[in-house]
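A short worksheet on the structure shown next.
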Amino acid sequence: MVNKSTTNGVSDPNLENKRTKVTLTNSGVENARGTYYSGAYTSVGYDNSFNLNRFKENFKINILSESANELVFEMIGIDAPIANALRRIMISEIPTMAIEKVYIINNTSILQDEVLAHRLGMIPIKVDPRKFNFKLPNKEYTAEDTLIFQLKVKCEKDSVTGKIINETALSKHLIWVPTQDQEEMFPNEEDRPRPMEDDIPIMKLRPGQVIDIQCYCEKNIGREHIKWSPVCTASYRLQPVISVDKSIKGDKANQLLEKCPKKVFDIEDSGQVVAARPLDCTMCRECIRDPEFEQNVKIERVRDHFIFSIESTGALKSREIFQEAIKIFIEKCNIVEESINKLVN
Amino acid sequence: MPCLYICGECGAEHEIKPKEPVKCKDCTHRIMYKKRTDKMIQFEAR
Ligand code: SF4
Ligand SMILES: [Zn+2]
């Protein structure tokens with residue numbers, strides 16, 4: 001195999017484009033599948049085999065934006081299967097706490113007990129799940145694996161003002177009932193278990209209606225039920241690259257600007273059209289629908305450049321969700337490695 | 001313990017004994033509802 005500098009890629013620009021990018025055309029997506037065969041580019045002097053040092057050199061993570069609940073970052077130099085594995089782990093394999101058992105003592109509202117129980121389960125609980133154990137089936141509840149919330153709401157008409165009190169049962173009415181030494185598990189006031197938001201409506205009540213419920217939270221993962229998923233969603237997209245031919249000028253340039261619903265293009269002072277905001281592109285292909293433009297506008301995506309966005313439900317920070325996902329991923333790899341070793345020996 | 005039923009019309013609670021007509025003693029409405037159990041019921045939040 002020819003051992004050339006590998007970071008520059010293949011010298012033939014057409015081939016290099018095929019190797020690194022996914023192309024969008026009117027008729028569909030081209031080169032969606034990458035070429036992983038190690039000797040695929042040997043004849044043009046490029047070593048396509050996997051190399052750990054090269055991976056370490058090229059791999060990058062940059063945070064694009066981070067707010068209280070959402071993290072957007074780019075991950076460069078990784079294969080789609082691994083990026084996808086991380087995404088799936090974030091959605092379905094990171095444990096959180098959620099209401100699982102609902103003991104209804106009284107419910108005179110119009111919402112049926114089982115519907116109400118289901119609604120309660122979906123409320124995100126803000127508590128660090130790493131402080132708890134998984135509940136073992138057919139075992140008693142313990143302080144280490146269960147959190148108890150009480151929901152006791154009575155809707156009434158104020159006898160003086162005539163105003164209706166507690167017209168809506170809200171998530172803030174869920175009151176944590178500490179058992180045993182659970183108080184000591186949360187020394188800080190802000191770490192105490194509570195619903196993530198205070199104003200999630202649980203149900204509407206009319207005067208005279210009451211609900212009296214005990215909720216038991218358990219720790220589990222999103223694969224069991226989506227209520228345990230720590231993310232609203234975790235997704236990724238590929239980095240868009242849009243290039244416009246020099247031949248588009250004047251009238252045609254304005255036409256192209258009009259076509260794009262996301263206003264991706266700008267006209268430079270020289271009259272040349274450039275894709276000024278490629279990240280806004282939704283890949284709607286409106287700009288290449290006219291065959292005249294298809295020749296001159298190229299919409300591509302970089303195959304190994306992922307833009308992740310992780311929106312947390314609140315139990316864990318988005319950042320922590322990603323870190324936990326990597327830990328779980330490493331654990332999974334270890335299991336595979338172990339079983340392979342067993343086979344070999 | 002007497003079995004109390006709730007009237008579907010006026011909401012009054014009445015006891016209905018065996019062989020007695022199913023009827024509200026206040027408003028003669030003929031649809032009476034059984035009261036909810038006062039025991040705790042367990043549900044799965046799924
Ligand atoms: S694909 Fe759609 S959003 Fe992207 S540049 Fe073309 S017209 Fe604009
Ligand atoms: Zn009646």
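Identifiers for the structure tokens are assigned positionally: chains receive A, B, ... in sequence, residues are indexed from 1 per chain, and ligands are indexed from 1 in the order shown.
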
Q. If you count only C-alpha atoms and all ligand atoms, which residues end up within 8 Å of ligand 1, as a list of chain:residue names?
A.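 My answer, listing the contacting residues, is A:Ile242, A:Lys259, A:Cys260, A:Pro261, A:Lys262, A:Lys263, A:Val264, A:Phe265, A:Ala275, A:Pro278, A:Asp280, A:Cys281, A:Thr282, A:Met283, A:Cys284, A:Arg285, A:Glu286, A:Cys287, A:Ile288, A:Ile299.
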
Q: Check every residue of chain B for an atom within 8 Å of chain A, counting only C-alpha atoms, and provide those that qualify as a ChimeraX atom specification.
A: /B:38-46

Cut-off 6 Å: closest chain B/ligand 2 atom pairs per residue, using only C-alpha atoms and all ligand atoms, as a tab-separated table:
```
residue	atom	partner	partner_atom_place_in_ligand_line	distance
B:Cys7	CA	ligand 2	1 (Zn)	4.6
B:Glu9	CA	ligand 2	1 (Zn)	5.0
B:Cys10	CA	ligand 2	1 (Zn)	4.1
B:Gly11	CA	ligand 2	1 (Zn)	5.9
B:Ala12	CA	ligand 2	1 (Zn)	5.5
B:Cys24	CA	ligand 2	1 (Zn)	4.6
B:Asp26	CA	ligand 2	1 (Zn)	5.0
B:Cys27	CA	ligand 2	1 (Zn)	4.2
B:His29	CA	ligand 2	1 (Zn)	5.4
```

Q: Step one, run DSSP on the backbone; step two, keep only residues of segment 22-235 of chain A assigned to helix (DSSP H, G or I); then write them as a PyMOL selection string.
A: chain A and resi 42-44+52-58+80-92+113-121+129-131+171-173+182-185+189-191+226-228

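Atom CA of Glu224 of chain A is positioned 28.4 Å from atom CA of Lys152 of chain A.
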
Q.
Can you tell me which residues surround Asn254 of chain A at a distance of at most 9 Å, considering only C-alpha atoms, apart from same-chain residues fewer than 5 positions away, and format the answer as a ChimeraX atom specification?
A. /A:249,259,267,273

Mind checking which residues fall within 8 Å of segment 64-81 of chain A, counting only C-alpha atoms, ignoring those fewer than 3 positions away in the same chain, and posting them as an mmCIF file with N, CA and C atoms, in the first residue's frame?
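Produced file around.cif, reproduced below:
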```
data_model
loop_
_atom_site.group_PDB
_atom_site.id
_atom_site.type_symbol
_atom_site.label_atom_id
_atom_site.label_comp_id
_atom_site.auth_asym_id
_atom_site.auth_seq_id
_atom_site.Cartn_x
_atom_site.Cartn_y
_atom_site.Cartn_z
ATOM 1 N N PHE A 55 -7.266 8.937 13.064
ATOM 2 C CA PHE A 55 -8.560 9.252 13.670
ATOM 3 C C PHE A 55 -8.396 10.283 14.783
ATOM 4 N N ASN A 58 -7.777 13.704 13.356
ATOM 5 C CA ASN A 58 -8.872 14.363 12.647
ATOM 6 C C ASN A 58 -10.110 14.591 13.485
ATOM 7 N N PHE A 59 -10.251 13.806 14.552
ATOM 8 C CA PHE A 59 -11.492 13.872 15.315
ATOM 9 C C PHE A 59 -11.587 15.182 16.098
ATOM 10 N N LYS A 60 -12.761 15.811 16.007
ATOM 11 C CA LYS A 60 -12.943 17.103 16.689
ATOM 12 C C LYS A 60 -14.368 17.205 17.213
ATOM 13 N N ILE A 61 -14.513 17.864 18.355
ATOM 14 C CA ILE A 61 -15.853 18.209 18.838
ATOM 15 C C ILE A 61 -15.851 19.699 19.166
ATOM 16 N N ASN A 84 -24.618 7.402 15.120
ATOM 17 C CA ASN A 84 -25.991 6.931 15.303
ATOM 18 C C ASN A 84 -26.134 6.121 16.589
ATOM 19 N N ALA A 85 -25.123 5.335 16.906
ATOM 20 C CA ALA A 85 -25.171 4.561 18.151
ATOM 21 C C ALA A 85 -25.272 5.507 19.338
ATOM 22 N N ARG A 303 -19.817 13.946 4.776
ATOM 23 C CA ARG A 303 -20.221 12.639 5.287
ATOM 24 C C ARG A 303 -19.866 12.405 6.750
ATOM 25 N N ASP A 304 -18.757 12.969 7.202
ATOM 26 C CA ASP A 304 -18.322 12.650 8.565
ATOM 27 C C ASP A 304 -18.369 13.873 9.492
ATOM 28 N N HIS A 305 -19.246 14.812 9.167
ATOM 29 C CA HIS A 305 -19.352 16.019 9.990
ATOM 30 C C HIS A 305 -20.791 16.091 10.523
ATOM 31 N N PHE A 306 -20.966 15.721 11.782
ATOM 32 C CA PHE A 306 -22.315 15.625 12.344
ATOM 33 C C PHE A 306 -22.602 16.822 13.235
ATOM 34 N N ILE A 307 -23.787 17.388 13.062
ATOM 35 C CA ILE A 307 -24.215 18.453 13.968
ATOM 36 C C ILE A 307 -25.282 17.854 14.867
ATOM 37 N N PHE A 308 -24.884 17.607 16.100
ATOM 38 C CA PHE A 308 -25.800 17.008 17.067
ATOM 39 C C PHE A 308 -26.607 18.096 17.751
ATOM 40 N N SER A 309 -27.849 17.805 18.047
ATOM 41 C CA SER A 309 -28.556 18.695 18.969
ATOM 42 C C SER A 309 -29.268 17.826 19.992
ATOM 43 N N ILE A 310 -28.994 18.118 21.250
ATOM 44 C CA ILE A 310 -29.534 17.330 22.355
ATOM 45 C C ILE A 310 -30.382 18.238 23.211
ATOM 46 N N GLU A 311 -31.659 17.927 23.291
ATOM 47 C CA GLU A 311 -32.542 18.721 24.132
ATOM 48 C C GLU A 311 -32.932 17.879 25.338
ATOM 49 N N SER A 312 -32.565 18.369 26.503
ATOM 50 C CA SER A 312 -32.787 17.590 27.717
ATOM 51 C C SER A 312 -34.176 17.857 28.298
ATOM 52 N N THR A 313 -34.738 16.840 28.961
ATOM 53 C CA THR A 313 -36.014 17.073 29.649
ATOM 54 C C THR A 313 -35.773 17.729 31.002
ATOM 55 N N GLY A 314 -34.540 17.706 31.477
ATOM 56 C CA GLY A 314 -34.233 18.445 32.687
ATOM 57 C C GLY A 314 -33.585 17.662 33.811
ATOM 58 N N LYS A 317 -28.260 17.453 32.638
ATOM 59 C CA LYS A 317 -27.929 18.486 31.657
ATOM 60 C C LYS A 317 -27.592 17.799 30.337
ATOM 61 N N SER A 318 -27.839 18.502 29.234
ATOM 62 C CA SER A 318 -27.565 17.925 27.918
ATOM 63 C C SER A 318 -26.134 17.399 27.831
ATOM 64 N N ARG A 319 -25.226 18.173 28.387
ATOM 65 C CA ARG A 319 -23.819 17.824 28.414
ATOM 66 C C ARG A 319 -23.593 16.492 29.139
#
```

Q) How far is it from atom CA of Val177 of chain A to atom CA of Gln150 of chain A, in Å with one decimal? A)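 Atom CA of Gln150 of chain A lies at a distance of 6.7 Å from atom CA of Val177 of chain A.
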
Which residues are near Gln323 of chain A? Cut-off 12 Å, only C-alpha atoms, ignore same chain within fewer than 6 positions. Put them as a compact mmCIF listing (two decimals) with C-alpha atoms, in the first residue's frame.
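Writing done, so here's part-v9.txt:
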```
# COMPACT_ATOMS: atom_id res chain seq x y z
CA LEU A 86 -24.54 7.55 20.41
CA ARG A 87 -27.81 9.13 19.36
CA ILE A 89 -28.08 5.47 23.46
CA MET A 90 -28.99 9.03 24.42
CA ILE A 94 -29.71 6.55 29.87
CA ILE A 310 -29.53 17.33 22.36
CA LEU A 316 -29.65 15.65 33.49
CA LYS A 317 -27.93 18.49 31.66
CA PHE A 329 -21.07 3.07 24.69
CA ILE A 330 -17.66 2.15 26.11
```

Q: Report the residues of chain B whose backbone DSSP state falls under strand (DSSP E), written as an MDAnalysis selection string.
A: chainID B and resid 4:7 13:15 32:34 41:44

Q: Figure out the distance between atom CA of Glu57 of chain A and atom CA of Val44 of chain A, please, to one decimal in Å.
A: 22.5 Å

Q) Near Ile164 of chain A, within 10 Å and counting only C-alpha atoms, which residues show up once chain neighbours fewer than 4 positions away are dropped, as an MDAnalysis selection string? A) chainID A and resid 155:159 168 205:207

Q: Pick out the residues sitting within 10 Å of Lys17 of chain B, and hand them over as a list in words; count only C-alpha atoms, and ignore anything fewer than 3 positions along from it in its own chain.
A: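 Once the adjacent positions are removed, what remains is Pro2, Cys3, Leu4, His14, Glu20, Pro21 and Val22 of chain B.
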
Please produce an output containing N, CA, C and O atoms for each residue in the selection, written as an mmCIF file, in the first residue's frame.
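After the write, part11.cif holds the following:
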```
data_model
loop_
_atom_site.group_PDB
_atom_site.id
_atom_site.type_symbol
_atom_site.label_atom_id
_atom_site.label_comp_id
_atom_site.auth_asym_id
_atom_site.auth_seq_id
_atom_site.Cartn_x
_atom_site.Cartn_y
_atom_site.Cartn_z
ATOM 1 N N PRO B 2 -74.269 -0.134 54.587
ATOM 2 C CA PRO B 2 -75.271 -0.033 53.515
ATOM 3 C C PRO B 2 -74.615 0.380 52.194
ATOM 4 O O PRO B 2 -73.648 1.124 52.181
ATOM 5 N N CYS B 3 -75.176 -0.144 51.130
ATOM 6 C CA CYS B 3 -74.628 0.182 49.816
ATOM 7 C C CYS B 3 -75.319 1.436 49.283
ATOM 8 O O CYS B 3 -76.522 1.431 49.020
ATOM 9 N N LEU B 4 -74.537 2.516 49.158
ATOM 10 C CA LEU B 4 -75.109 3.789 48.730
ATOM 11 C C LEU B 4 -74.938 3.974 47.225
ATOM 12 O O LEU B 4 -73.917 3.616 46.656
ATOM 13 N N HIS B 14 -78.550 7.562 48.054
ATOM 14 C CA HIS B 14 -79.613 6.766 48.663
ATOM 15 C C HIS B 14 -79.175 5.330 48.784
ATOM 16 O O HIS B 14 -78.393 4.848 47.975
ATOM 17 N N GLU B 20 -86.031 -3.607 46.075
ATOM 18 C CA GLU B 20 -86.552 -2.237 45.991
ATOM 19 C C GLU B 20 -86.397 -1.731 44.556
ATOM 20 O O GLU B 20 -85.461 -2.121 43.865
ATOM 21 N N PRO B 21 -87.298 -0.863 44.079
ATOM 22 C CA PRO B 21 -87.100 -0.324 42.725
ATOM 23 C C PRO B 21 -85.852 0.555 42.663
ATOM 24 O O PRO B 21 -85.546 1.249 43.629
ATOM 25 N N VAL B 22 -85.189 0.499 41.503
ATOM 26 C CA VAL B 22 -84.004 1.350 41.315
ATOM 27 C C VAL B 22 -84.514 2.735 40.943
ATOM 28 O O VAL B 22 -84.904 2.991 39.811
#
```
